[in-house]
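Below: structure-v7.cif (mmCIF, C-alpha atoms and all ligand atoms)
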data_run
#
loop_
_atom_site.label_atom_id
_atom_site.label_comp_id
_atom_site.auth_asym_id
_atom_site.auth_seq_id
_atom_site.Cartn_x
_atom_site.Cartn_y
_atom_site.Cartn_z
CA MET Y 295 103.77 82.34 84.85
CA ALA Y 296 103.15 86.09 85.21
CA PRO Y 297 101.68 87.04 88.60
CA ARG Y 298 97.99 87.94 88.71
CA ILE Y 299 97.47 91.52 89.91
CA GLY Y 300 94.76 93.00 92.13
CA PHE Y 301 94.71 96.83 91.82
CA ILE Y 302 92.80 99.01 94.30
CA GLY Y 303 92.37 102.80 93.88
CA LEU Y 304 91.74 104.08 90.36
CA GLY Y 305 92.25 107.83 90.80
CA ILE Y 306 94.38 110.31 88.85
CA MET Y 307 97.40 108.04 89.33
CA GLY Y 308 95.93 104.57 89.84
CA LYS Y 309 93.80 104.48 86.69
CA PRO Y 310 96.63 104.98 84.19
CA MET Y 311 98.91 102.72 86.25
CA ALA Y 312 96.37 99.86 86.21
CA ARG Y 313 95.88 100.46 82.48
CA ASN Y 314 99.63 100.15 81.88
CA LEU Y 315 99.65 96.80 83.70
CA VAL Y 316 96.82 95.52 81.48
CA ARG Y 317 98.74 96.73 78.40
CA ALA Y 318 101.89 94.97 79.64
CA GLY Y 319 99.96 91.69 79.54
CA PHE Y 320 99.23 91.14 83.26
CA THR Y 321 95.89 89.66 84.34
CA VAL Y 322 94.48 92.55 86.40
CA THR Y 323 91.45 92.66 88.73
CA VAL Y 324 90.48 96.19 89.77
CA HIS Y 325 88.49 97.75 92.61
CA ASN Y 326 87.63 101.38 93.40
CA ARG Y 327 85.25 103.03 95.87
CA SER Y 328 83.21 104.68 93.08
CA ARG Y 329 82.18 102.24 90.35
CA ALA Y 330 82.46 104.24 87.10
CA LYS Y 331 86.27 104.10 87.10
CA VAL Y 332 86.13 100.31 87.51
CA GLU Y 333 83.95 100.03 84.40
CA GLU Y 334 86.46 102.13 82.41
CA LEU Y 335 89.21 99.65 83.26
CA VAL Y 336 86.94 96.69 82.46
CA GLN Y 337 86.59 98.22 78.96
CA ASP Y 338 90.39 98.09 78.75
CA GLY Y 339 90.51 94.40 79.63
CA ALA Y 340 90.62 94.25 83.45
CA SER Y 341 88.21 92.21 85.61
CA ARG Y 342 86.04 93.90 88.25
CA ALA Y 343 86.01 93.25 91.99
CA ALA Y 344 83.30 94.49 94.36
CA SER Y 345 85.64 94.80 97.37
CA PRO Y 346 89.34 94.91 98.25
CA ARG Y 347 88.97 91.33 99.54
CA GLU Y 348 87.60 90.17 96.18
CA ALA Y 349 90.44 91.93 94.32
CA ALA Y 350 92.99 90.32 96.63
CA SER Y 351 91.53 86.83 96.50
CA ALA Y 352 92.11 86.69 92.73
CA ALA Y 353 95.69 87.98 92.97
CA ASP Y 354 99.28 86.98 93.62
CA ILE Y 355 100.30 90.65 93.93
CA VAL Y 356 97.92 93.27 95.38
CA ILE Y 357 98.63 96.95 94.66
CA THR Y 358 97.02 99.97 96.34
CA MET Y 359 97.08 103.59 95.09
CA LEU Y 360 94.96 105.45 97.65
CA PRO Y 361 94.94 108.99 99.09
CA ASN Y 362 96.34 108.65 102.64
CA SER Y 363 97.41 106.41 105.54
CA PRO Y 364 93.89 105.75 106.97
CA ASP Y 365 92.66 104.70 103.48
CA VAL Y 366 95.48 102.17 103.08
CA GLU Y 367 94.98 100.87 106.64
CA LEU Y 368 91.25 100.43 105.98
CA VAL Y 369 91.73 98.66 102.64
CA ALA Y 370 94.57 96.45 103.91
CA LEU Y 371 93.40 95.57 107.41
CA GLY Y 372 89.70 96.57 107.68
CA ASP Y 373 86.62 94.38 107.27
CA GLY Y 374 86.38 93.07 103.71
CA GLY Y 375 89.97 94.13 103.18
CA ILE Y 376 93.11 92.53 101.77
CA LYS Y 377 93.88 90.78 105.06
CA ASP Y 378 90.62 88.84 104.83
CA ALA Y 379 91.84 87.23 101.58
CA ALA Y 380 95.41 86.69 102.72
CA ARG Y 381 97.25 83.61 101.40
CA PRO Y 382 100.85 82.65 102.17
CA GLY Y 383 103.10 83.78 99.34
CA GLN Y 384 101.06 86.85 98.38
CA LEU Y 385 102.81 90.20 97.95
CA PHE Y 386 101.20 93.52 98.91
CA ILE Y 387 102.63 96.66 97.26
CA ASP Y 388 101.36 100.03 98.48
CA MET Y 389 102.27 102.80 96.01
CA SER Y 390 100.37 105.63 97.77
CA THR Y 391 102.16 108.40 99.65
CA ILE Y 392 101.49 107.57 103.29
CA ASN Y 393 103.21 107.69 106.67
CA PRO Y 394 106.05 105.11 106.45
CA ILE Y 395 105.49 104.23 110.12
CA VAL Y 396 101.98 103.08 109.10
CA SER Y 397 103.52 101.01 106.25
CA GLN Y 398 105.75 99.29 108.81
CA LYS Y 399 102.74 98.60 111.04
CA ILE Y 400 100.70 97.09 108.18
CA ALA Y 401 103.66 94.93 107.10
CA LYS Y 402 103.95 93.62 110.66
CA GLU Y 403 100.26 92.65 110.74
CA LEU Y 404 100.39 90.86 107.39
CA ALA Y 405 103.67 89.01 107.96
CA PRO Y 406 102.24 86.24 110.25
CA LEU Y 407 99.74 85.42 107.45
CA GLY Y 408 102.61 84.86 105.00
CA VAL Y 409 101.92 88.10 103.09
CA ALA Y 410 105.02 90.22 102.39
CA MET Y 411 104.82 93.98 101.85
CA VAL Y 412 106.74 96.52 99.79
CA ASP Y 413 106.08 100.26 100.16
CA ALA Y 414 106.69 101.90 96.80
CA PRO Y 415 105.52 105.52 96.49
CA VAL Y 416 106.11 107.32 93.24
CA SER Y 417 107.10 110.67 91.81
CA GLY Y 418 106.36 111.93 88.31
CA GLY Y 419 102.71 112.96 88.51
CA GLU Y 420 99.80 112.06 86.26
CA LYS Y 421 101.98 112.38 83.15
CA GLY Y 422 104.53 109.93 84.54
CA ALA Y 423 101.70 107.53 85.41
CA ILE Y 424 100.23 107.74 81.90
CA ASP Y 425 103.61 107.45 80.14
CA GLY Y 426 104.86 104.67 82.45
CA THR Y 427 107.88 106.78 83.40
CA LEU Y 428 107.36 107.15 87.17
CA SER Y 429 110.25 107.24 89.63
CA ILE Y 430 109.48 104.40 92.07
CA MET Y 431 111.08 104.42 95.54
CA ALA Y 432 110.67 101.00 97.11
CA GLY Y 433 111.20 99.62 100.60
CA GLY Y 434 111.07 95.94 101.53
CA ALA Y 435 113.08 92.73 101.69
CA PRO Y 436 115.39 92.30 98.67
CA GLU Y 437 113.58 89.12 97.52
CA ASP Y 438 110.21 90.92 97.67
CA PHE Y 439 111.60 93.86 95.70
CA GLU Y 440 112.80 91.35 93.06
CA ARG Y 441 109.29 89.86 92.85
CA ALA Y 442 107.81 93.35 92.42
CA LEU Y 443 110.28 94.37 89.72
CA PRO Y 444 108.32 93.10 86.65
CA VAL Y 445 105.35 95.17 87.85
CA PHE Y 446 107.52 98.23 88.51
CA ASN Y 447 109.08 97.93 85.04
CA ALA Y 448 105.60 98.34 83.51
CA LEU Y 449 104.94 101.49 85.56
CA GLY Y 450 108.18 103.40 85.85
CA LYS Y 451 111.59 104.24 84.52
CA THR Y 452 113.66 105.05 87.60
CA ILE Y 453 113.21 102.16 90.02
CA THR Y 454 115.24 102.22 93.22
CA HIS Y 455 115.35 99.76 96.10
CA MET Y 456 115.83 102.14 99.05
CA GLY Y 457 116.10 99.58 101.89
CA PRO Y 458 113.68 97.82 104.28
CA ILE Y 459 109.93 98.50 104.53
CA GLY Y 460 109.28 102.23 105.08
CA ALA Y 461 112.45 103.35 103.29
CA GLY Y 462 110.39 104.06 100.16
CA GLY Y 463 108.00 106.29 102.11
CA PHE Y 464 110.75 108.20 103.90
CA THR Y 465 112.40 108.88 100.52
CA LYS Y 466 109.13 110.09 99.01
CA LEU Y 467 108.53 112.41 101.99
CA ALA Y 468 112.08 113.76 101.61
CA ASN Y 469 111.17 114.43 97.96
CA GLN Y 470 108.08 116.33 99.12
CA ILE Y 471 110.14 118.52 101.50
CA ILE Y 472 112.47 119.53 98.68
CA VAL Y 473 109.65 120.29 96.23
CA ALA Y 474 107.52 122.29 98.71
CA VAL Y 475 110.47 124.35 99.95
CA ASN Y 476 111.76 124.91 96.42
CA LEU Y 477 108.37 126.11 95.12
CA THR Y 478 108.03 128.40 98.14
CA ALA Y 479 111.49 129.91 97.56
CA ILE Y 480 110.72 130.36 93.84
CA GLY Y 481 107.47 132.17 94.73
CA GLU Y 482 109.15 134.49 97.23
CA ALA Y 483 112.10 135.21 94.91
CA LEU Y 484 110.04 135.98 91.80
CA VAL Y 485 107.69 138.30 93.70
CA PHE Y 486 110.74 140.04 95.18
CA GLY Y 487 112.19 140.65 91.71
CA ALA Y 488 108.87 141.57 90.10
CA LYS Y 489 108.07 144.17 92.78
CA ALA Y 490 111.52 145.69 92.18
CA GLY Y 491 110.62 146.04 88.49
CA VAL Y 492 112.65 143.16 87.01
CA ASP Y 493 110.96 141.29 84.13
CA PRO Y 494 110.02 137.82 85.53
CA GLN Y 495 110.50 136.05 82.21
CA LYS Y 496 114.10 137.29 81.98
CA MET Y 497 114.63 136.54 85.64
CA ILE Y 498 113.48 132.92 85.22
CA ARG Y 499 115.78 132.46 82.19
CA ALA Y 500 118.79 133.79 84.08
CA LEU Y 501 118.06 131.87 87.28
CA ALA Y 502 117.43 128.59 85.42
CA GLY Y 503 120.96 128.68 83.99
CA GLY Y 504 122.69 129.00 87.37
CA LEU Y 505 122.82 127.26 90.74
CA ALA Y 506 119.26 128.40 91.55
CA GLY Y 507 117.96 126.42 88.57
CA SER Y 508 115.78 123.38 89.34
CA LYS Y 509 113.24 121.02 87.79
CA CYS Y 510 110.61 122.90 89.81
CA LEU Y 511 111.62 126.16 88.14
CA ASP Y 512 111.76 124.50 84.68
CA GLN Y 513 108.41 122.73 84.98
CA LYS Y 514 106.38 125.35 86.87
CA SER Y 515 107.50 128.67 85.38
CA GLU Y 516 104.85 128.47 82.65
CA LYS Y 517 102.09 128.28 85.28
CA ILE Y 518 103.64 131.14 87.26
CA LEU Y 519 103.99 133.39 84.20
CA SER Y 520 100.44 132.65 82.96
CA GLY Y 521 98.82 132.75 86.42
CA ASP Y 522 96.94 129.55 85.44
CA PHE Y 523 97.34 127.27 88.44
CA ALA Y 524 95.16 124.36 87.26
CA PRO Y 525 96.65 121.23 88.88
CA GLY Y 526 99.06 119.30 88.42
CA PHE Y 527 99.64 118.35 91.99
CA LYS Y 528 97.15 120.06 94.28
CA ILE Y 529 98.06 122.21 97.29
CA ASP Y 530 95.61 120.00 99.27
CA LEU Y 531 97.65 116.86 98.50
CA HIS Y 532 100.97 118.55 99.23
CA PHE Y 533 99.52 119.83 102.52
CA LYS Y 534 98.59 116.20 103.31
CA ASP Y 535 102.22 115.20 102.61
CA LEU Y 536 103.62 118.05 104.76
CA ASN Y 537 101.51 116.72 107.63
CA LEU Y 538 102.73 113.17 107.00
CA ILE Y 539 106.28 114.55 107.11
CA GLN Y 540 105.62 116.09 110.54
CA ASP Y 541 104.10 112.85 111.88
CA ALA Y 542 106.94 110.73 110.53
CA ALA Y 543 109.61 113.20 111.71
CA ARG Y 544 108.12 113.17 115.21
CA SER Y 545 108.22 109.36 115.21
CA VAL Y 546 111.91 109.26 114.37
CA GLY Y 547 112.83 112.35 116.46
CA VAL Y 548 113.94 114.68 113.69
CA PRO Y 549 113.36 118.46 113.78
CA ILE Y 550 112.07 119.73 110.42
CA PRO Y 551 111.70 123.50 110.97
CA THR Y 552 111.68 124.47 107.28
CA ALA Y 553 109.02 121.94 106.25
CA ALA Y 554 106.95 122.90 109.33
CA PHE Y 555 107.04 126.58 108.31
CA VAL Y 556 106.09 125.77 104.71
CA GLU Y 557 103.21 123.61 106.02
CA GLN Y 558 101.81 126.76 107.68
CA LEU Y 559 101.99 128.65 104.38
CA PHE Y 560 100.12 125.81 102.63
CA SER Y 561 97.57 125.91 105.48
CA ALA Y 562 97.08 129.65 104.80
CA LEU Y 563 96.49 128.89 101.11
CA ARG Y 564 93.78 126.40 102.03
CA VAL Y 565 92.13 128.94 104.37
CA ARG Y 566 91.95 131.27 101.36
CA GLY Y 567 90.20 128.55 99.31
CA ARG Y 568 93.23 127.76 97.17
CA GLY Y 569 93.68 124.08 98.11
CA GLY Y 570 92.62 123.02 94.62
CA LEU Y 571 95.37 125.03 92.90
CA ASP Y 572 98.61 123.50 91.66
CA HIS Y 573 101.28 123.61 94.40
CA SER Y 574 103.22 126.21 92.39
CA GLY Y 575 100.29 128.49 93.36
CA VAL Y 576 102.08 129.04 96.69
CA ILE Y 577 103.42 132.15 94.91
CA THR Y 578 99.96 133.77 95.21
CA LEU Y 579 100.51 134.12 98.95
CA PHE Y 580 103.66 136.20 98.37
CA GLU Y 581 101.84 138.18 95.69
CA ASP Y 582 99.15 139.04 98.26
CA LEU Y 583 101.79 140.12 100.80
CA ALA Y 584 103.68 142.28 98.32
CA GLY Y 585 100.63 143.62 96.47
CA VAL Y 586 101.94 142.59 93.07
CA GLN Y 587 101.07 139.90 90.51
CA VAL Y 588 104.07 138.40 88.74
CA ARG Y 589 102.17 137.68 85.52
CA LYS Y 590 101.14 141.36 85.22
CA THR Y 591 104.70 142.63 85.57
CA GLN Y 592 106.07 140.90 82.45
CA ALA Y 593 107.50 143.18 79.79
CA SER Y 594 105.09 141.55 77.29
CA ALA Y 595 102.03 141.85 79.62
P1 LIG S 1 92.93 110.39 93.79
O1 LIG S 1 92.77 110.88 92.40
O2 LIG S 1 92.19 111.04 94.91
O3 LIG S 1 92.61 108.81 93.77
C1 LIG S 1 92.39 108.03 94.89
C2 LIG S 1 91.46 106.90 94.50
O4 LIG S 1 91.30 106.01 95.61
C3 LIG S 1 90.05 107.38 94.11
O5 LIG S 1 89.69 106.81 92.87
C4 LIG S 1 89.19 106.87 95.26
O6 LIG S 1 87.88 106.50 94.84
C5 LIG S 1 89.94 105.64 95.68
N1 LIG S 1 89.62 105.25 97.05
C6 LIG S 1 89.69 106.01 98.17
N2 LIG S 1 89.34 105.28 99.25
C7 LIG S 1 89.06 104.04 98.79
C8 LIG S 1 88.61 102.83 99.42
N3 LIG S 1 88.42 102.78 100.74
N4 LIG S 1 88.41 101.75 98.64
C9 LIG S 1 88.62 101.79 97.31
N5 LIG S 1 89.02 102.90 96.66
C10 LIG S 1 89.23 104.01 97.39
O7 LIG S 1 94.47 110.45 94.23
P2 LIG S 1 95.77 110.35 93.29
O8 LIG S 1 96.14 111.70 92.79
O9 LIG S 1 95.60 109.21 92.32
O10 LIG S 1 96.87 109.97 94.39
C11 LIG S 1 96.98 108.67 94.94
C12 LIG S 1 98.24 108.66 95.81
O11 LIG S 1 99.38 108.93 95.01
C13 LIG S 1 98.24 109.72 96.93
O12 LIG S 1 98.83 109.19 98.09
C14 LIG S 1 99.07 110.85 96.35
O13 LIG S 1 99.69 111.65 97.35
C15 LIG S 1 100.09 110.07 95.53
N6 LIG S 1 100.69 110.80 94.39
C16 LIG S 1 99.91 111.59 93.60
C17 LIG S 1 100.50 112.27 92.53
C18 LIG S 1 99.68 113.18 91.63
O14 LIG S 1 100.28 113.94 90.85
N7 LIG S 1 98.35 113.15 91.69
C19 LIG S 1 101.87 112.14 92.28
C20 LIG S 1 102.61 111.28 93.07
C21 LIG S 1 102.01 110.62 94.14
P3 LIG S 1 86.68 107.57 94.58
O15 LIG S 1 86.50 107.55 93.08
O16 LIG S 1 85.50 107.04 95.29
O17 LIG S 1 87.14 108.90 95.12
#
So that I can check it, write out the structure of this file as structure tokens.
Amino acid sequence: MAPRIGFIGLGIMGKPMARNLVRAGFTVTVHNRSRAKVEELVQDGASRAASPREAASAADIVITMLPNSPDVELVALGDGGIKDAARPGQLFIDMSTINPIVSQKIAKELAPLGVAMVDAPVSGGEKGAIDGTLSIMAGGAPEDFERALPVFNALGKTITHMGPIGAGGFTKLANQIIVAVNLTAIGEALVFGAKAGVDPQKMIRALAGGLAGSKCLDQKSEKILSGDFAPGFKIDLHFKDLNLIQDAARSVGVPIPTAAFVEQLFSALRVRGRGGLDHSGVITLFEDLAGVQVRKTQASA
């Protein structure tokens, strides 16, 4: 019989993910802090739960998709949380981006109750969540990963078992280092060229075809050329991840000078009130420094 799912956290990512599980034929009970999103999912065929405990008590597999480490700790271990409904044989899958050291701690607290945990953060954004094409990076015991696989297949396309609990989170944070540093380098480079009088559109085309090409350049150049930085993935959320990276790196004793520097640039963006912009908006900081706006230097502008 298909496992019954409890799904907690119906935000930008969680709502379409829970919807895809309903569409795949799973019995899904949903909970969210604000109620309106729960009612939307009930319209789609899910059942409602008034608390994380209620969502977990009706479930064989409990999934969370929440903002940050303290939110997952609260929902998993706090009063009225998943732990209060724990039954031997249950599986807890956290798909949020959190500190992997916290994932390991939660797994340790749930294990004596017979509840196994898999940490399975995702990449692919809102579009990937809606289309069911997320890249899922999972950490946990092999047998628990196998149990989670039917659920993952309904949510994503690239599904990788990275290793034991926490390995998913470390991989996702590595992903966030690469993306933040890449977007920062793209911003600096395009402002450099634009100030020197090179057409940014031509520059992007040439760069994309060589070693400097990247998915970041492919997917974000439209925003950079239009100057429309509606998110996407917000600077605020990437700043949260850059801080998680520093916490996790400290825990395992790894220097991360480049990510630490980029975290300061994202901090400066937030000070300027730009935390709500797409993370490709990091270029605006370099535009301020150089006194030039890339979008205004295009040959067609
Ligand atoms: P979001 O839109 O802020 O959604 C978070 C949801 O969690 C909200 O609906 C919120 O409810 C709910 N929530 C918070 N605390 C709760 C609690 N104690 N009990 C029940 N529900 C609670 O965030 P998101 O963009 O979906 O991101 C979720 C996670 O995925 C984050 O860790 C993020 O870094 C990661 N991620 C995001 C993206 C992306 O493109 N957005 C891509 C990959 C990974 P309210 O309605 O009350 O606020």
7 Å shell around ligand LIG 1 (chain S) using only C-alpha atoms and all ligand atoms, listed as number ranges by chain: Y: 302-308, 325-328, 331, 346, 359-362, 365, 368-369, 389-392, 415-420, 526-527, 531, 535
What gap, in Å, lies between CA of Pro406 in chain Y and CA of Ala344 in chain Y? 26.1 Å
Given the choices Y:Lys451, Y:Arg544, Y:Lys377, Y:Lys399, which gets closest to Val356 in chain Y if the distance is worked out from all atoms listed in the file? Y:Lys377
Leaving out Glu581 in chain Y and any residue of its chain fewer than 4 positions from it, which residues lie within 9 Å of it when counting only C-alpha atoms, given as a PyMOL selection string? chain Y and resi 481-482+485+577+585-588
Contact check, range 341-387 of chain Y to range 454-469 of chain Y, at most 12 Å, counting all atoms listed in the file, closest pairs as a Markdown table:
| residue | atom | partner | partner_atom | distance |
| --- | --- | --- | --- | --- |
| Y:Asn362 | CA | Y:Gly463 | CA | 11.9 |
| Y:Ser363 | CA | Y:Gly463 | CA | 11.1 |
| Y:Phe386 | CA | Y:Ile459 | CA | 11.5 |
| Y:Ile387 | CA | Y:Ile459 | CA | 10.5 |
Need to verify the contact set: Ile424 in chain Y, 9 Å, all atoms listed in the file, exclusion of same-chain residues closer than 4 positions in sequence. Can you return it as an MDAnalysis selection string? chainID Y and resid 307 309:311 313:314 419:420 428 449
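For the atom pair formed by CA of Ala330 in chain Y and CA of Asp378 in chain Y, the distance is 24.9 Å, given to one decimal.
Residues surrounding Ser351 in chain Y within 9 Å are Gly300, Pro346, Arg347, Glu348, Asp354, Ile376, Asp378, Ala379, Ala380 and Arg381 of chain Y [only C-alpha atoms; sequence separation below 3 positions excluded].
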I need the residues from that last selection saved to file as a PDB file, keeping the file's coordinate frame (with C-alpha atoms), if you can.
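Result file follows (again_10.pdb):
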ATOM      1  CA  GLY Y 300      94.760  93.000  92.130  1.00  0.00           C
ATOM      2  CA  PRO Y 346      89.340  94.910  98.250  1.00  0.00           C
ATOM      3  CA  ARG Y 347      88.970  91.330  99.540  1.00  0.00           C
ATOM      4  CA  GLU Y 348      87.600  90.170  96.180  1.00  0.00           C
ATOM      5  CA  ASP Y 354      99.280  86.980  93.620  1.00  0.00           C
ATOM      6  CA  ILE Y 376      93.110  92.530 101.770  1.00  0.00           C
ATOM      7  CA  ASP Y 378      90.620  88.840 104.830  1.00  0.00           C
ATOM      8  CA  ALA Y 379      91.840  87.230 101.580  1.00  0.00           C
ATOM      9  CA  ALA Y 380      95.410  86.690 102.720  1.00  0.00           C
ATOM     10  CA  ARG Y 381      97.250  83.610 101.400  1.00  0.00           C
TER      11      ARG Y 381
END
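In this comparison, which uses only C-alpha atoms, the residue of Y:Ala370, Y:Gly433, Y:Ala483, Y:Leu501 approaching Glu403 in chain Y most closely is Y:Ala370.
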Rank nothing, just name the residue among Y:Gly507, Y:Gly422, Y:Pro494, Y:Pro394 nearest to Asp541 in chain Y, using only C-alpha atoms. Y:Pro394
Given 8 Å on each side, where is the centre and what are the edge lengths in Å to one decimal of the axis-aligned box enclosing the listed atoms of range 551-564 of chain Y, as lines of an AutoDock Vina configuration file?
center_x = 102.7
center_y = 125.8
center_z = 106.0
size_x = 33.9
size_y = 23.7
size_z = 25.9
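Using all atoms listed in the file, the nearest neighbour of Ala488 in chain Y within the list Y:Leu519, Y:Thr427, Y:Asp530, Y:Leu407 is Y:Leu519.
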What is the CA of Arg329 in chain Y-CA of Phe301 in chain Y distance in Å, reported with one decimal? 13.7 Å
With a distance cut-off of 12 Å and only C-alpha atoms, select the neighbouring residues of Ala479 in chain Y, excluding the residue or stretch itself and same-chain residues fewer than 2 positions from it, and output the selection as a VMD selection string. chain Y and resid 472 to 477 481 to 486 506 to 508 510 to 511 552 556 559 574 576 to 577 579 to 580
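If only C-alpha atoms are the atoms counted, then among Y:Leu536, Y:Leu335, Y:Ala318, Y:Leu385 the closest residue to Ser561 in chain Y is Y:Leu536.
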Which residue, Y:Asn447, Y:Thr578, Y:Asn393, Y:Ser545, has the smallest gap to Ser429 in chain Y when you use only C-alpha atoms? Y:Asn447
Find the residues near Gly575 in chain Y: any atom within 8 Å, counting all atoms listed in the file, skip ones fewer than 5 places away on the same chain, and give them as number ranges by chain. Y: 518, 523, 529
